[in-house]
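Q: This one is target-v8.txt, compact mmCIF, N, CA and C atoms.
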```txt
# COMPACT_ATOMS: atom_id res chain seq x y z
N MET P 1 -23.73 67.25 103.31
CA MET P 1 -22.63 67.46 102.37
C MET P 1 -22.82 68.72 101.55
N ASN P 2 -24.06 69.16 101.41
CA ASN P 2 -24.36 70.38 100.67
C ASN P 2 -23.77 70.36 99.26
N LEU P 3 -24.06 69.27 98.53
CA LEU P 3 -23.55 69.13 97.16
C LEU P 3 -24.16 70.20 96.27
N ARG P 4 -23.36 70.75 95.37
CA ARG P 4 -23.81 71.83 94.50
C ARG P 4 -23.40 71.55 93.05
N ALA P 5 -24.04 72.26 92.16
CA ALA P 5 -23.67 72.21 90.75
C ALA P 5 -22.29 72.84 90.57
N ILE P 6 -21.60 72.43 89.53
CA ILE P 6 -20.28 73.00 89.26
C ILE P 6 -20.40 74.47 88.85
N GLU P 7 -19.31 75.19 89.00
CA GLU P 7 -19.17 76.50 88.38
C GLU P 7 -18.62 76.23 86.99
N ILE P 8 -19.25 76.79 85.98
CA ILE P 8 -18.89 76.50 84.60
C ILE P 8 -17.67 77.29 84.16
N GLY P 9 -16.70 76.57 83.63
CA GLY P 9 -15.59 77.17 82.91
C GLY P 9 -15.80 76.89 81.44
N ILE P 10 -15.76 77.90 80.61
CA ILE P 10 -16.00 77.72 79.18
C ILE P 10 -15.21 78.76 78.40
N SER P 11 -14.67 78.33 77.29
CA SER P 11 -13.99 79.24 76.39
C SER P 11 -14.45 78.93 74.98
N PRO P 12 -15.00 79.92 74.28
CA PRO P 12 -14.97 81.33 74.62
C PRO P 12 -15.89 81.63 75.81
N GLU P 13 -15.55 82.70 76.53
CA GLU P 13 -16.30 83.11 77.71
C GLU P 13 -17.71 83.55 77.31
N PRO P 14 -18.66 83.44 78.24
CA PRO P 14 -20.04 83.84 77.92
C PRO P 14 -20.15 85.28 77.42
N ASP P 15 -19.29 86.19 77.85
CA ASP P 15 -19.37 87.58 77.40
C ASP P 15 -18.70 87.80 76.04
N GLY P 16 -17.92 86.83 75.58
CA GLY P 16 -17.22 86.98 74.31
C GLY P 16 -17.84 86.10 73.24
N PRO P 17 -17.67 86.47 72.00
CA PRO P 17 -18.27 85.67 70.93
C PRO P 17 -17.45 84.43 70.60
N GLY P 18 -18.15 83.35 70.36
CA GLY P 18 -17.53 82.14 69.82
C GLY P 18 -17.68 82.15 68.32
N ILE P 19 -16.97 81.28 67.66
CA ILE P 19 -17.01 81.23 66.21
C ILE P 19 -17.26 79.79 65.76
N VAL P 20 -18.15 79.64 64.78
CA VAL P 20 -18.43 78.33 64.21
C VAL P 20 -17.12 77.68 63.80
N ALA P 21 -16.95 76.42 64.09
CA ALA P 21 -15.79 75.58 63.76
C ALA P 21 -14.57 75.84 64.65
N LEU P 22 -14.67 76.78 65.60
CA LEU P 22 -13.58 77.01 66.54
C LEU P 22 -13.90 76.21 67.80
N PRO P 23 -12.97 75.37 68.30
CA PRO P 23 -13.26 74.53 69.46
C PRO P 23 -13.68 75.33 70.69
N THR P 24 -14.68 74.80 71.38
CA THR P 24 -15.14 75.32 72.67
C THR P 24 -14.62 74.39 73.75
N TRP P 25 -13.96 74.95 74.75
CA TRP P 25 -13.41 74.18 75.86
C TRP P 25 -14.36 74.25 77.04
N LEU P 26 -14.53 73.14 77.75
CA LEU P 26 -15.43 73.04 78.88
C LEU P 26 -14.68 72.48 80.08
N TRP P 27 -14.88 73.09 81.27
CA TRP P 27 -14.21 72.58 82.45
C TRP P 27 -14.95 73.02 83.71
N VAL P 28 -14.58 72.41 84.83
CA VAL P 28 -15.10 72.77 86.14
C VAL P 28 -14.24 73.91 86.67
N GLN P 29 -14.85 75.07 86.85
CA GLN P 29 -14.13 76.22 87.39
C GLN P 29 -14.05 76.09 88.90
N ASN P 30 -12.85 76.21 89.45
CA ASN P 30 -12.65 76.12 90.90
C ASN P 30 -13.26 74.87 91.52
N PRO P 31 -12.87 73.67 91.07
CA PRO P 31 -13.46 72.46 91.64
C PRO P 31 -13.15 72.35 93.14
N GLY P 32 -14.14 71.97 93.90
CA GLY P 32 -13.98 71.81 95.34
C GLY P 32 -14.76 70.61 95.83
N GLU P 33 -14.69 70.37 97.11
CA GLU P 33 -15.39 69.22 97.70
C GLU P 33 -16.87 69.22 97.36
N GLN P 34 -17.54 70.36 97.47
CA GLN P 34 -18.99 70.41 97.30
C GLN P 34 -19.44 70.57 95.85
N THR P 35 -18.50 70.90 94.96
CA THR P 35 -18.88 71.07 93.56
C THR P 35 -18.34 69.97 92.66
N PHE P 36 -17.34 69.21 93.11
CA PHE P 36 -16.81 68.12 92.28
C PHE P 36 -16.43 66.89 93.11
N GLY P 37 -16.07 67.09 94.38
CA GLY P 37 -15.71 65.98 95.24
C GLY P 37 -14.26 65.60 95.07
N PRO P 38 -13.82 64.55 95.70
CA PRO P 38 -14.63 63.77 96.64
C PRO P 38 -14.79 64.50 97.97
N ILE P 39 -15.90 64.19 98.63
CA ILE P 39 -16.18 64.74 99.95
C ILE P 39 -16.68 63.59 100.82
N THR P 40 -16.13 63.48 101.99
CA THR P 40 -16.50 62.40 102.92
C THR P 40 -17.02 62.99 104.21
N ARG P 41 -18.11 62.43 104.68
CA ARG P 41 -18.69 62.85 105.95
C ARG P 41 -19.11 61.59 106.73
N THR P 42 -19.04 61.71 108.05
CA THR P 42 -19.45 60.62 108.94
C THR P 42 -20.49 61.15 109.90
N ALA P 43 -21.53 60.33 110.13
CA ALA P 43 -22.58 60.70 111.08
C ALA P 43 -22.86 59.51 111.99
N SER P 44 -23.17 59.82 113.23
CA SER P 44 -23.46 58.77 114.20
C SER P 44 -24.79 59.06 114.88
N ALA P 45 -25.50 57.97 115.17
CA ALA P 45 -26.74 58.03 115.95
C ALA P 45 -26.71 56.82 116.87
N GLY P 46 -26.51 57.07 118.13
CA GLY P 46 -26.36 55.96 119.07
C GLY P 46 -25.11 55.18 118.76
N SER P 47 -25.27 53.88 118.59
CA SER P 47 -24.12 53.02 118.30
C SER P 47 -23.88 52.83 116.81
N VAL P 48 -24.68 53.48 115.95
CA VAL P 48 -24.56 53.31 114.51
C VAL P 48 -23.81 54.50 113.91
N THR P 49 -22.78 54.19 113.16
CA THR P 49 -22.01 55.21 112.46
C THR P 49 -22.05 54.91 110.97
N VAL P 50 -22.33 55.92 110.18
CA VAL P 50 -22.37 55.79 108.72
C VAL P 50 -21.39 56.79 108.13
N THR P 51 -20.58 56.30 107.19
CA THR P 51 -19.64 57.15 106.47
C THR P 51 -20.04 57.17 104.99
N ALA P 52 -20.10 58.35 104.42
CA ALA P 52 -20.47 58.49 103.01
C ALA P 52 -19.43 59.34 102.29
N THR P 53 -19.12 58.93 101.06
CA THR P 53 -18.20 59.68 100.20
C THR P 53 -18.91 59.97 98.89
N ALA P 54 -18.95 61.25 98.51
CA ALA P 54 -19.61 61.67 97.27
C ALA P 54 -18.56 62.19 96.30
N ARG P 55 -18.80 61.90 95.02
CA ARG P 55 -17.92 62.38 93.96
C ARG P 55 -18.74 62.54 92.68
N VAL P 56 -18.32 63.47 91.85
CA VAL P 56 -18.97 63.61 90.55
C VAL P 56 -18.49 62.47 89.66
N GLU P 57 -19.44 61.70 89.16
CA GLU P 57 -19.12 60.59 88.26
C GLU P 57 -18.94 61.08 86.84
N ARG P 58 -19.80 62.03 86.46
CA ARG P 58 -19.71 62.62 85.13
C ARG P 58 -20.48 63.92 85.09
N ILE P 59 -20.16 64.72 84.09
CA ILE P 59 -20.89 65.97 83.85
C ILE P 59 -21.46 65.87 82.44
N VAL P 60 -22.75 66.09 82.34
CA VAL P 60 -23.41 66.09 81.04
C VAL P 60 -23.62 67.54 80.64
N TRP P 61 -22.99 67.92 79.55
CA TRP P 61 -23.08 69.29 79.04
C TRP P 61 -24.09 69.30 77.90
N ASP P 62 -25.16 70.05 78.05
CA ASP P 62 -26.12 70.29 76.98
C ASP P 62 -25.66 71.58 76.32
N MET P 63 -25.22 71.49 75.09
CA MET P 63 -24.58 72.62 74.43
C MET P 63 -25.55 73.61 73.80
N GLY P 64 -26.86 73.34 73.85
CA GLY P 64 -27.85 74.28 73.34
C GLY P 64 -28.13 74.14 71.86
N ASP P 65 -27.32 73.33 71.17
CA ASP P 65 -27.51 73.13 69.73
C ASP P 65 -28.00 71.71 69.43
N GLY P 66 -28.51 71.02 70.46
CA GLY P 66 -28.97 69.65 70.28
C GLY P 66 -27.89 68.61 70.58
N THR P 67 -26.72 69.06 70.95
CA THR P 67 -25.60 68.16 71.25
C THR P 67 -25.40 68.05 72.74
N GLN P 68 -25.09 66.83 73.19
CA GLN P 68 -24.67 66.62 74.57
C GLN P 68 -23.24 66.12 74.57
N VAL P 69 -22.45 66.63 75.50
CA VAL P 69 -21.06 66.21 75.69
C VAL P 69 -20.98 65.63 77.10
N VAL P 70 -20.45 64.41 77.22
CA VAL P 70 -20.31 63.78 78.52
C VAL P 70 -18.84 63.72 78.88
N CYS P 71 -18.50 64.29 80.05
CA CYS P 71 -17.11 64.32 80.50
C CYS P 71 -17.02 63.65 81.87
N THR P 72 -16.03 62.78 82.03
CA THR P 72 -15.89 62.04 83.28
C THR P 72 -14.85 62.67 84.21
N GLY P 73 -14.21 63.71 83.78
CA GLY P 73 -13.26 64.44 84.61
C GLY P 73 -13.61 65.90 84.64
N PRO P 74 -12.80 66.71 85.32
CA PRO P 74 -13.11 68.13 85.45
C PRO P 74 -12.83 68.95 84.19
N GLY P 75 -12.18 68.37 83.17
CA GLY P 75 -11.82 69.13 81.99
C GLY P 75 -10.55 69.92 82.22
N THR P 76 -10.06 70.53 81.16
CA THR P 76 -8.83 71.32 81.21
C THR P 76 -9.16 72.78 80.97
N PRO P 77 -8.81 73.66 81.90
CA PRO P 77 -9.07 75.09 81.68
C PRO P 77 -8.30 75.59 80.45
N TYR P 78 -8.98 76.39 79.64
CA TYR P 78 -8.35 76.94 78.45
C TYR P 78 -7.34 78.01 78.84
N GLU P 79 -6.21 78.03 78.13
CA GLU P 79 -5.20 79.08 78.26
C GLU P 79 -4.88 79.58 76.86
N PRO P 80 -4.60 80.88 76.71
CA PRO P 80 -4.33 81.44 75.39
C PRO P 80 -3.24 80.69 74.62
N ARG P 81 -2.27 80.10 75.31
CA ARG P 81 -1.19 79.38 74.62
C ARG P 81 -1.69 78.16 73.85
N PHE P 82 -2.94 77.70 74.14
CA PHE P 82 -3.49 76.54 73.43
C PHE P 82 -3.98 76.91 72.04
N GLY P 83 -4.15 78.21 71.78
CA GLY P 83 -4.57 78.67 70.46
C GLY P 83 -5.89 78.07 70.03
N ARG P 84 -5.92 77.53 68.82
CA ARG P 84 -7.15 76.98 68.24
C ARG P 84 -7.27 75.47 68.42
N SER P 85 -6.46 74.90 69.28
CA SER P 85 -6.51 73.44 69.46
C SER P 85 -7.77 73.01 70.20
N GLU P 86 -8.14 71.75 70.04
CA GLU P 86 -9.29 71.19 70.74
C GLU P 86 -8.91 70.83 72.16
N SER P 87 -9.88 70.83 73.04
CA SER P 87 -9.65 70.40 74.41
C SER P 87 -9.23 68.94 74.41
N PRO P 88 -8.25 68.58 75.24
CA PRO P 88 -7.82 67.18 75.27
C PRO P 88 -8.81 66.25 75.96
N ASP P 89 -9.79 66.81 76.70
CA ASP P 89 -10.65 65.91 77.45
C ASP P 89 -12.12 66.33 77.58
N CYS P 90 -12.48 67.57 77.23
CA CYS P 90 -13.87 67.97 77.38
C CYS P 90 -14.14 69.21 76.52
N GLY P 91 -14.72 69.00 75.37
CA GLY P 91 -14.95 70.13 74.48
C GLY P 91 -16.02 69.85 73.44
N HIS P 92 -16.29 70.86 72.63
CA HIS P 92 -17.34 70.79 71.61
C HIS P 92 -16.98 71.79 70.52
N THR P 93 -17.42 71.50 69.31
CA THR P 93 -17.25 72.45 68.21
C THR P 93 -18.62 72.72 67.60
N TYR P 94 -19.03 73.98 67.64
CA TYR P 94 -20.32 74.36 67.06
C TYR P 94 -20.21 74.36 65.53
N THR P 95 -21.28 73.89 64.89
CA THR P 95 -21.31 73.86 63.42
C THR P 95 -22.32 74.86 62.85
N ARG P 96 -23.02 75.56 63.74
CA ARG P 96 -24.03 76.53 63.31
C ARG P 96 -24.02 77.71 64.26
N GLU P 97 -24.19 78.90 63.73
CA GLU P 97 -24.21 80.11 64.55
C GLU P 97 -25.48 80.14 65.39
N SER P 98 -25.47 80.97 66.44
CA SER P 98 -26.58 80.99 67.40
C SER P 98 -27.63 82.08 67.13
N GLY P 99 -27.55 82.75 66.01
CA GLY P 99 -28.47 83.84 65.70
C GLY P 99 -29.93 83.45 65.66
N HIS P 100 -30.23 82.19 65.46
CA HIS P 100 -31.61 81.71 65.40
C HIS P 100 -32.19 81.38 66.78
N GLU P 101 -31.38 81.45 67.81
CA GLU P 101 -31.79 81.12 69.17
C GLU P 101 -32.36 82.35 69.88
N PRO P 102 -33.18 82.12 70.95
CA PRO P 102 -33.65 83.27 71.74
C PRO P 102 -32.46 84.06 72.29
N GLY P 103 -32.49 85.36 72.12
CA GLY P 103 -31.39 86.21 72.57
C GLY P 103 -30.14 86.03 71.73
N GLN P 104 -30.25 85.29 70.65
CA GLN P 104 -29.14 85.01 69.73
C GLN P 104 -27.96 84.32 70.43
N LYS P 105 -28.28 83.52 71.45
CA LYS P 105 -27.24 82.79 72.18
C LYS P 105 -27.70 81.37 72.45
N TYR P 106 -26.74 80.48 72.52
CA TYR P 106 -27.02 79.12 72.97
C TYR P 106 -26.98 79.09 74.49
N THR P 107 -27.89 78.33 75.10
CA THR P 107 -27.84 78.10 76.53
C THR P 107 -27.07 76.81 76.76
N VAL P 108 -25.95 76.91 77.46
CA VAL P 108 -25.11 75.76 77.78
C VAL P 108 -25.40 75.38 79.23
N THR P 109 -25.82 74.13 79.45
CA THR P 109 -26.16 73.66 80.79
C THR P 109 -25.27 72.49 81.16
N ALA P 110 -24.63 72.59 82.32
CA ALA P 110 -23.79 71.51 82.85
C ALA P 110 -24.55 70.86 84.00
N THR P 111 -24.81 69.56 83.88
CA THR P 111 -25.50 68.81 84.93
C THR P 111 -24.52 67.84 85.57
N SER P 112 -24.30 68.01 86.86
CA SER P 112 -23.39 67.15 87.61
C SER P 112 -24.15 65.90 88.04
N GLU P 113 -23.56 64.73 87.78
CA GLU P 113 -24.14 63.47 88.23
C GLU P 113 -23.21 62.90 89.30
N TRP P 114 -23.68 62.96 90.54
CA TRP P 114 -22.91 62.53 91.70
C TRP P 114 -23.21 61.08 92.04
N VAL P 115 -22.22 60.40 92.61
CA VAL P 115 -22.40 59.08 93.21
C VAL P 115 -21.98 59.20 94.66
N VAL P 116 -22.83 58.70 95.57
CA VAL P 116 -22.53 58.72 96.99
C VAL P 116 -22.43 57.27 97.46
N ASP P 117 -21.20 56.85 97.81
CA ASP P 117 -20.98 55.52 98.36
C ASP P 117 -21.02 55.61 99.88
N TRP P 118 -21.74 54.70 100.54
CA TRP P 118 -21.87 54.76 101.98
C TRP P 118 -21.67 53.38 102.59
N GLU P 119 -21.30 53.39 103.85
CA GLU P 119 -21.19 52.15 104.60
C GLU P 119 -21.39 52.43 106.08
N GLY P 120 -22.01 51.47 106.74
CA GLY P 120 -22.24 51.59 108.17
C GLY P 120 -23.21 50.53 108.65
N ALA P 121 -23.15 50.23 109.92
CA ALA P 121 -24.04 49.23 110.53
C ALA P 121 -23.95 47.89 109.80
N GLY P 122 -22.77 47.58 109.28
CA GLY P 122 -22.58 46.31 108.60
C GLY P 122 -23.14 46.26 107.19
N GLN P 123 -23.54 47.39 106.64
CA GLN P 123 -24.09 47.43 105.30
C GLN P 123 -23.37 48.49 104.48
N SER P 124 -23.59 48.45 103.18
CA SER P 124 -23.02 49.47 102.29
C SER P 124 -23.93 49.62 101.08
N GLY P 125 -23.74 50.71 100.39
CA GLY P 125 -24.55 50.94 99.21
C GLY P 125 -24.07 52.15 98.44
N SER P 126 -24.84 52.49 97.44
CA SER P 126 -24.50 53.60 96.57
C SER P 126 -25.78 54.33 96.19
N LEU P 127 -25.72 55.63 96.17
CA LEU P 127 -26.85 56.47 95.78
C LEU P 127 -26.42 57.39 94.64
N ASP P 128 -27.34 57.65 93.73
CA ASP P 128 -27.09 58.62 92.67
C ASP P 128 -27.78 59.93 93.02
N VAL P 129 -27.09 61.03 92.83
CA VAL P 129 -27.67 62.36 93.02
C VAL P 129 -27.51 63.09 91.69
N ASP P 130 -28.63 63.35 91.03
CA ASP P 130 -28.59 63.99 89.71
C ASP P 130 -29.28 65.36 89.78
N ASN P 131 -29.31 65.99 88.64
CA ASN P 131 -30.04 67.24 88.46
C ASN P 131 -29.48 68.43 89.21
N LEU P 132 -28.19 68.44 89.48
CA LEU P 132 -27.55 69.63 89.99
C LEU P 132 -26.97 70.33 88.77
N SER P 133 -27.61 71.40 88.34
CA SER P 133 -27.27 72.03 87.06
C SER P 133 -26.99 73.52 87.21
N ARG P 134 -26.22 73.99 86.26
CA ARG P 134 -25.94 75.43 86.14
C ARG P 134 -25.86 75.73 84.65
N SER P 135 -26.25 76.95 84.27
CA SER P 135 -26.26 77.33 82.85
C SER P 135 -25.59 78.67 82.61
N VAL P 136 -25.07 78.81 81.40
CA VAL P 136 -24.56 80.09 80.90
C VAL P 136 -25.03 80.22 79.46
N GLN P 137 -24.93 81.41 78.92
CA GLN P 137 -25.29 81.63 77.52
C GLN P 137 -24.06 82.07 76.74
N VAL P 138 -23.94 81.51 75.54
CA VAL P 138 -22.81 81.87 74.68
C VAL P 138 -23.32 82.23 73.29
N ALA P 139 -22.73 83.27 72.73
CA ALA P 139 -23.04 83.69 71.37
C ALA P 139 -22.02 83.04 70.44
N VAL P 140 -22.50 82.47 69.35
CA VAL P 140 -21.62 81.84 68.37
C VAL P 140 -21.95 82.44 67.00
N GLY P 141 -20.95 83.01 66.37
CA GLY P 141 -21.15 83.64 65.06
C GLY P 141 -20.31 82.97 63.99
N GLU P 142 -20.48 83.42 62.78
CA GLU P 142 -19.68 82.91 61.66
C GLU P 142 -18.68 83.97 61.24
N ALA P 143 -17.49 83.52 60.95
CA ALA P 143 -16.47 84.43 60.43
C ALA P 143 -16.50 84.34 58.91
N GLN P 144 -16.61 85.48 58.27
CA GLN P 144 -16.63 85.53 56.80
C GLN P 144 -15.32 86.08 56.31
N VAL P 145 -14.78 85.43 55.31
CA VAL P 145 -13.51 85.87 54.73
C VAL P 145 -13.75 86.27 53.28
N LEU P 146 -13.28 87.45 52.93
CA LEU P 146 -13.40 87.93 51.55
C LEU P 146 -12.02 87.92 50.91
N VAL P 147 -11.98 87.41 49.70
CA VAL P 147 -10.71 87.36 48.97
C VAL P 147 -10.87 88.14 47.67
N ASN P 148 -9.94 89.06 47.41
CA ASN P 148 -9.97 89.82 46.16
C ASN P 148 -9.00 89.23 45.19
```
Kindly present the structure from the file in structure tokens form.

A:
Amino acid sequence: MNLRAIEIGISPEPDGPGIVALPTWLWVQNPGEQTFGPITRTASAGSVTVTATARVERIVWDMGDGTQVVCTGPGTPYEPRFGRSESPDCGHTYTRESGHEPGQKYTVTATSEWVVDWEGAGQSGSLDVDNLSRSVQVAVGEAQVLVN
């Protein structure tokens, strides 16, 4: 099946600065069979045929600030028309800037947790496939407002 970690979609983008208290959106970029599922394959050996279907059950996002976000779907890609609104299904809001981190950025890691359901030879079962991860780094700063 060649299951792989997701491609990370995140806003603000890793090359752009995020701002404390501004919502961060998280999603699966270009979800496909091998990065999000479902994917089904059948294999035979002699008279025994086994069919397996794999799908991502959840994605655990380690946000780099000690927070984990668990999402059970692919998330919603951010679009400029959403403005400063929070993600409807997978997001995080930083409460501290990243200047104290190595490279002055948070490391955001998305870990895909797959479930593989199988059946064949009169039996069935389920397997968990974890630890398929990918990371990006994001800078988060504070916006200061001066009033005269």

Q: DSSP on the backbone, helix (DSSP H, G or I) only: what residues of chain P does that give? Format it as a PyMOL selection string.

A: chain P and resi 80-82+102-104

Q: Can you pull out the residues contacting Asp128 (chain P)? Cut-off 8 Å, using only C-alpha atoms, and skip same-chain residues under 5 positions away; I want them as a ChimeraX atom specification.

A: /P:113-116

Q: Please provide as a list of chain:residue names all residues within 6 Å of region 45-50 of chain P, with the sequence filter that same-chain residues fewer than 5 positions apart are discarded (counting only C-alpha atoms).

A: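 The residues that qualify are P:Glu119, P:Gly120, P:Ala121.
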
Q: Near region 10-23 of chain P, counting all atoms listed in the file, which residues have an atom at most 6 Å away, once you skip same-chain residues fewer than 6 positions from it, shown as a ChimeraX atom specification?

A: /P:84-86,92-97,137-143

Q: Using the selection just defined, write its residues with N, CA and C atoms as a PDB file, in the coordinates of the input.

A:
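For reference, again07.pdb as written:
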```pdb
ATOM      1  N   ARG P  84      -5.920  77.530  68.820  1.00  0.00           N
ATOM      2  CA  ARG P  84      -7.150  76.980  68.240  1.00  0.00           C
ATOM      3  C   ARG P  84      -7.270  75.470  68.420  1.00  0.00           C
ATOM      4  N   SER P  85      -6.460  74.900  69.280  1.00  0.00           N
ATOM      5  CA  SER P  85      -6.510  73.440  69.460  1.00  0.00           C
ATOM      6  C   SER P  85      -7.770  73.010  70.200  1.00  0.00           C
ATOM      7  N   GLU P  86      -8.140  71.750  70.040  1.00  0.00           N
ATOM      8  CA  GLU P  86      -9.290  71.190  70.740  1.00  0.00           C
ATOM      9  C   GLU P  86      -8.910  70.830  72.160  1.00  0.00           C
ATOM     10  N   HIS P  92     -16.290  70.860  72.630  1.00  0.00           N
ATOM     11  CA  HIS P  92     -17.340  70.790  71.610  1.00  0.00           C
ATOM     12  C   HIS P  92     -16.980  71.790  70.520  1.00  0.00           C
ATOM     13  N   THR P  93     -17.420  71.500  69.310  1.00  0.00           N
ATOM     14  CA  THR P  93     -17.250  72.450  68.210  1.00  0.00           C
ATOM     15  C   THR P  93     -18.620  72.720  67.600  1.00  0.00           C
ATOM     16  N   TYR P  94     -19.030  73.980  67.640  1.00  0.00           N
ATOM     17  CA  TYR P  94     -20.320  74.360  67.060  1.00  0.00           C
ATOM     18  C   TYR P  94     -20.210  74.360  65.530  1.00  0.00           C
ATOM     19  N   THR P  95     -21.280  73.890  64.890  1.00  0.00           N
ATOM     20  CA  THR P  95     -21.310  73.860  63.420  1.00  0.00           C
ATOM     21  C   THR P  95     -22.320  74.860  62.850  1.00  0.00           C
ATOM     22  N   ARG P  96     -23.020  75.560  63.740  1.00  0.00           N
ATOM     23  CA  ARG P  96     -24.030  76.530  63.310  1.00  0.00           C
ATOM     24  C   ARG P  96     -24.020  77.710  64.260  1.00  0.00           C
ATOM     25  N   GLU P  97     -24.190  78.900  63.730  1.00  0.00           N
ATOM     26  CA  GLU P  97     -24.210  80.110  64.550  1.00  0.00           C
ATOM     27  C   GLU P  97     -25.480  80.140  65.390  1.00  0.00           C
ATOM     28  N   GLN P 137     -24.930  81.410  78.920  1.00  0.00           N
ATOM     29  CA  GLN P 137     -25.290  81.630  77.520  1.00  0.00           C
ATOM     30  C   GLN P 137     -24.060  82.070  76.740  1.00  0.00           C
ATOM     31  N   VAL P 138     -23.940  81.510  75.540  1.00  0.00           N
ATOM     32  CA  VAL P 138     -22.810  81.870  74.680  1.00  0.00           C
ATOM     33  C   VAL P 138     -23.320  82.230  73.290  1.00  0.00           C
ATOM     34  N   ALA P 139     -22.730  83.270  72.730  1.00  0.00           N
ATOM     35  CA  ALA P 139     -23.040  83.690  71.370  1.00  0.00           C
ATOM     36  C   ALA P 139     -22.020  83.040  70.440  1.00  0.00           C
ATOM     37  N   VAL P 140     -22.500  82.470  69.350  1.00  0.00           N
ATOM     38  CA  VAL P 140     -21.620  81.840  68.370  1.00  0.00           C
ATOM     39  C   VAL P 140     -21.950  82.440  67.000  1.00  0.00           C
ATOM     40  N   GLY P 141     -20.950  83.010  66.370  1.00  0.00           N
ATOM     41  CA  GLY P 141     -21.150  83.640  65.060  1.00  0.00           C
ATOM     42  C   GLY P 141     -20.310  82.970  63.990  1.00  0.00           C
ATOM     43  N   GLU P 142     -20.480  83.420  62.780  1.00  0.00           N
ATOM     44  CA  GLU P 142     -19.680  82.910  61.660  1.00  0.00           C
ATOM     45  C   GLU P 142     -18.680  83.970  61.240  1.00  0.00           C
ATOM     46  N   ALA P 143     -17.490  83.520  60.950  1.00  0.00           N
ATOM     47  CA  ALA P 143     -16.470  84.430  60.430  1.00  0.00           C
ATOM     48  C   ALA P 143     -16.500  84.340  58.910  1.00  0.00           C
TER      49      ALA P 143
END
```

Q: Hey, which of P:Met63, P:Leu26, P:Leu3, P:Ala43 ends up closest to Thr107 (chain P)? Count all atoms listed in the file.

A: P:Met63

Q: Between CA of Gly9 (chain P) and atom C of Val28 (chain P), what is the distance, to one decimal in Å?

A: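 Taking CA of Gly9 (chain P) and atom C of Val28 (chain P), their separation equals 5.2 Å.
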
Q: Would you compute the distance between atom N of Ile6 (chain P) and atom C of Ser133 (chain P)? Give it in Å to one decimal.

A: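 Value for the atom N of Ile6 (chain P)-atom C of Ser133 (chain P) distance: 6.0 Å.
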
Q: Choose the residue, out of P:Cys71, P:Leu127, P:Val136, P:Glu7, that has the smallest atom-to-atom separation from Gly32 (chain P); count all atoms listed in the file.

A: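 Once distances to Gly32 (chain P) are computed over all atoms listed in the file, the minimum belongs to P:Glu7.
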
Q: Smallest atom-to-atom distance to Tyr78 (chain P): which of P:Asn131, P:Ala110, P:Ala54, P:Trp25, using all atoms listed in the file?

A: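 Going through P:Asn131, P:Ala110, P:Ala54, P:Trp25 one by one, the smallest distance to Tyr78 (chain P) is for P:Trp25.
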
Q: Hey, can you check how far CA of Thr51 (chain P) sits from CA of Ser126 (chain P)?

A: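 So the two atoms, CA of Thr51 (chain P) and CA of Ser126 (chain P), lie 11.6 Å apart.
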
Q: I'd like to know which of P:Pro74, P:Gly103, P:Pro31, P:Gly122 is closest to Gly91 (chain P), using only C-alpha atoms.

A: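 Counting only C-alpha atoms, the residue closest to Gly91 (chain P) is P:Pro74.
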
Q: Which is closer to Val108 (chain P) than all the others in P:Val70, P:Ile39, P:Cys90, P:Ile8, using only C-alpha atoms?

A: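 Going through P:Val70, P:Ile39, P:Cys90, P:Ile8 one by one, the smallest distance to Val108 (chain P) is for P:Ile8.
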
Q: Could you check which residues have any atom within 6 Å of (-27.1, 65.8, 86.1), counting only N, CA and C atoms with coordinates taken straight from the file, and then list them as a PyMOL selection string?

A: chain P and resi 60+111-113+130-132

Q: Please determine, counting all atoms listed in the file, which residue among P:Thr42, P:Ile59, P:His100, P:Arg134 has the shortest atom-to-atom distance to Thr72 (chain P).

A: P:Ile59
